[in-house]
Amino acid sequence: MLTIHCAACRKKLWKYEKFGHGHVVRCHKDRIGKQYHVEVVDHKLYCPCGKVIAIDKGSHYRMIANTFTYTGTKKNRK
Ligand SMILES: [Zn+2]
């Protein structure tokens, strides 16, 4: 599981099950675990500090580069 953080204020945003070694470009909603501090307004995901982190695209969130960081490990698909 990865934990996605806001790059600006370091708050935890949500947990995400990531497969493979690639960058986190989008987050599929069915692989999102616990959500912490995030507010969805007008299909945009806001951190409480006011930064837009991602865009709600229906089945996934499209992440905005450089607005977030993550910690944790990615799972390797065998
Ligand atoms: Zn923030």
# chains A, B, ... in the order shown; residues from 1 in each chain; ligands from 1
call {"tool": "residues_around", "arguments": {"residues": "Val38 in chain A", "least_positions_apart": "5", "cutoff": "7 Å", "atoms": "only C-alpha atoms", "output": "list in words"}}
result
Leu13, Leu45, Tyr46, Cys47 and Pro48 of chain A
call {"tool": "write_last_selection", "arguments": {"atoms": "C-alpha atoms", "output": "PDB file, in the first residue's frame"}}
result
ATOM      1  CA  LEU A  13      -4.649  12.091   1.589  1.00  0.00           C
ATOM      2  CA  LEU A  45      -9.868  16.675  -5.239  1.00  0.00           C
ATOM      3  CA  TYR A  46      -8.672  19.264  -2.782  1.00  0.00           C
ATOM      4  CA  CYS A  47      -6.311  18.911   0.107  1.00  0.00           C
ATOM      5  CA  PRO A  48      -7.521  20.924   3.129  1.00  0.00           C
TER       6      PRO A  48
END
call {"tool": "residues_near_ligand", "arguments": {"ligand": "ligand 1", "cutoff": "8 Å", "atoms": "only C-alpha atoms and all ligand atoms", "output": "number ranges by chain"}}
result
A: 5-11, 46-51
call {"tool": "residues_around", "arguments": {"residues": "Cys27 in chain A", "least_positions_apart": "5", "cutoff": "12 Å", "atoms": "only C-alpha atoms", "output": "list in words"}}
result
Leu2, Thr3, Ile4, Trp14, Lys15, Tyr16, Glu17, Lys18, Phe19, Ile32, Gly33, Leu45, Ile53, Ala54, Ile55, Asp56, Lys57, Gly58, Ser59, His60, Tyr61, Arg62, Met63 and Ile64 of chain A
call {"tool": "write_last_selection", "arguments": {"atoms": "N, CA and C atoms", "output": "tab-separated table (two decimals), in the first residue's frame"}}
result
chain	number	residue	atom	x	y	z
A	2	LEU	N	0.49	2.20	-0.82
A	2	LEU	CA	1.13	3.51	-0.78
A	2	LEU	C	0.26	4.45	0.03
A	3	THR	N	0.89	5.39	0.68
A	3	THR	CA	0.15	6.49	1.28
A	3	THR	C	0.47	7.75	0.48
A	4	ILE	N	-0.57	8.37	-0.05
A	4	ILE	CA	-0.41	9.57	-0.86
A	4	ILE	C	-0.48	10.78	0.07
A	14	TRP	N	-4.77	9.73	1.01
A	14	TRP	CA	-5.44	8.42	0.98
A	14	TRP	C	-4.40	7.32	0.79
A	15	LYS	N	-4.87	6.12	0.98
A	15	LYS	CA	-4.02	4.95	0.74
A	15	LYS	C	-4.41	4.34	-0.59
A	16	TYR	N	-3.40	3.80	-1.28
A	16	TYR	CA	-3.62	3.32	-2.63
A	16	TYR	C	-2.83	2.05	-2.88
A	17	GLU	N	-3.49	1.08	-3.47
A	17	GLU	CA	-2.82	-0.17	-3.86
A	17	GLU	C	-2.29	0.00	-5.27
A	18	LYS	N	-0.97	0.10	-5.38
A	18	LYS	CA	-0.34	0.35	-6.68
A	18	LYS	C	0.35	-0.90	-7.17
A	19	PHE	N	0.17	-1.22	-8.44
A	19	PHE	CA	0.86	-2.36	-9.05
A	19	PHE	C	1.92	-1.85	-10.00
A	32	ILE	N	-8.36	2.26	-3.98
A	32	ILE	CA	-8.10	3.24	-2.92
A	32	ILE	C	-8.57	2.65	-1.60
A	33	GLY	N	-7.70	2.71	-0.62
A	33	GLY	CA	-8.06	2.22	0.70
A	33	GLY	C	-8.67	3.35	1.51
A	45	LEU	N	-10.18	17.13	-6.58
A	45	LEU	CA	-9.87	16.67	-5.24
A	45	LEU	C	-8.96	17.70	-4.59
A	53	ILE	N	-5.25	18.22	-6.00
A	53	ILE	CA	-4.34	17.08	-6.10
A	53	ILE	C	-4.65	16.22	-7.32
A	54	ALA	N	-5.91	16.12	-7.66
A	54	ALA	CA	-6.31	15.19	-8.71
A	54	ALA	C	-7.66	15.62	-9.28
A	55	ILE	N	-7.98	15.06	-10.44
A	55	ILE	CA	-9.27	15.31	-11.10
A	55	ILE	C	-10.05	14.00	-11.10
A	56	ASP	N	-11.31	14.07	-10.72
A	56	ASP	CA	-12.17	12.89	-10.72
A	56	ASP	C	-12.61	12.58	-12.15
A	57	LYS	N	-12.18	11.43	-12.66
A	57	LYS	CA	-12.50	11.05	-14.04
A	57	LYS	C	-13.51	9.91	-14.09
A	58	GLY	N	-14.24	9.70	-13.03
A	58	GLY	CA	-15.23	8.62	-13.02
A	58	GLY	C	-14.70	7.39	-12.32
A	59	SER	N	-14.04	6.52	-13.07
A	59	SER	CA	-13.54	5.29	-12.45
A	59	SER	C	-12.18	5.50	-11.79
A	60	HIS	N	-11.53	6.59	-12.10
A	60	HIS	CA	-10.22	6.86	-11.49
A	60	HIS	C	-10.03	8.36	-11.25
A	61	TYR	N	-9.02	8.64	-10.45
A	61	TYR	CA	-8.57	10.03	-10.26
A	61	TYR	C	-7.32	10.23	-11.10
A	62	ARG	N	-7.30	11.26	-11.89
A	62	ARG	CA	-6.08	11.59	-12.62
A	62	ARG	C	-5.25	12.53	-11.75
A	63	MET	N	-4.06	12.09	-11.40
A	63	MET	CA	-3.23	12.82	-10.47
A	63	MET	C	-2.53	13.98	-11.18
A	64	ILE	N	-2.38	15.07	-10.48
A	64	ILE	CA	-1.70	16.24	-11.04
A	64	ILE	C	-0.24	16.18	-10.58
call {"tool": "atom_distance", "arguments": {"atom1": "CA of His23 in chain A", "atom2": "CA of Gln35 in chain A"}}
result
20.1 Å
call {"tool": "select_by_dssp", "arguments": {"residues": "chain A", "states": "strand (DSSP E)", "output": "PDB file with C-alpha atoms, in the first residue's frame"}}
result
ATOM      1  CA  LEU A   2       1.130   3.505  -0.780  1.00  0.00           C
ATOM      2  CA  THR A   3       0.151   6.487   1.283  1.00  0.00           C
ATOM      3  CA  ILE A   4      -0.414   9.573  -0.864  1.00  0.00           C
ATOM      4  CA  HIS A   5       0.571  12.880   0.744  1.00  0.00           C
ATOM      5  CA  CYS A   6       0.046  16.474  -0.280  1.00  0.00           C
ATOM      6  CA  LYS A  12      -2.039  12.188   4.337  1.00  0.00           C
ATOM      7  CA  LEU A  13      -4.649  12.091   1.589  1.00  0.00           C
ATOM      8  CA  TRP A  14      -5.439   8.419   0.982  1.00  0.00           C
ATOM      9  CA  LYS A  15      -4.020   4.950   0.743  1.00  0.00           C
ATOM     10  CA  TYR A  16      -3.624   3.317  -2.630  1.00  0.00           C
ATOM     11  CA  ARG A  26      -3.894   7.847 -11.885  1.00  0.00           C
ATOM     12  CA  CYS A  27      -5.555   6.211  -8.923  1.00  0.00           C
ATOM     13  CA  HIS A  28      -8.259   3.673  -9.650  1.00  0.00           C
ATOM     14  CA  ILE A  32      -8.096   3.236  -2.918  1.00  0.00           C
ATOM     15  CA  GLY A  33      -8.060   2.217   0.702  1.00  0.00           C
ATOM     16  CA  LYS A  34      -8.668   4.573   3.570  1.00  0.00           C
ATOM     17  CA  GLN A  35      -9.253   8.202   2.692  1.00  0.00           C
ATOM     18  CA  GLU A  39     -12.585  17.126  -0.354  1.00  0.00           C
ATOM     19  CA  VAL A  40     -14.167  16.698  -3.786  1.00  0.00           C
ATOM     20  CA  VAL A  41     -15.582  19.887  -5.279  1.00  0.00           C
ATOM     21  CA  LYS A  44     -11.502  18.220  -8.286  1.00  0.00           C
ATOM     22  CA  LEU A  45      -9.868  16.675  -5.239  1.00  0.00           C
ATOM     23  CA  TYR A  46      -8.672  19.264  -2.782  1.00  0.00           C
ATOM     24  CA  VAL A  52      -5.881  20.557  -6.136  1.00  0.00           C
ATOM     25  CA  ILE A  53      -4.335  17.081  -6.103  1.00  0.00           C
ATOM     26  CA  ALA A  54      -6.314  15.193  -8.714  1.00  0.00           C
ATOM     27  CA  ILE A  55      -9.266  15.310 -11.102  1.00  0.00           C
ATOM     28  CA  ASP A  56     -12.169  12.887 -10.722  1.00  0.00           C
ATOM     29  CA  HIS A  60     -10.225   6.860 -11.486  1.00  0.00           C
ATOM     30  CA  TYR A  61      -8.573  10.025 -10.264  1.00  0.00           C
ATOM     31  CA  ARG A  62      -6.083  11.590 -12.623  1.00  0.00           C
ATOM     32  CA  MET A  63      -3.226  12.816 -10.468  1.00  0.00           C
ATOM     33  CA  PHE A  68       1.649  14.937  -4.192  1.00  0.00           C
ATOM     34  CA  THR A  69       4.248  12.539  -2.857  1.00  0.00           C
ATOM     35  CA  TYR A  70       3.903   9.012  -1.611  1.00  0.00           C
ATOM     36  CA  THR A  71       5.454   6.629   0.829  1.00  0.00           C
ATOM     37  CA  GLY A  72       5.183   2.871   1.085  1.00  0.00           C
TER      38      GLY A  72
END
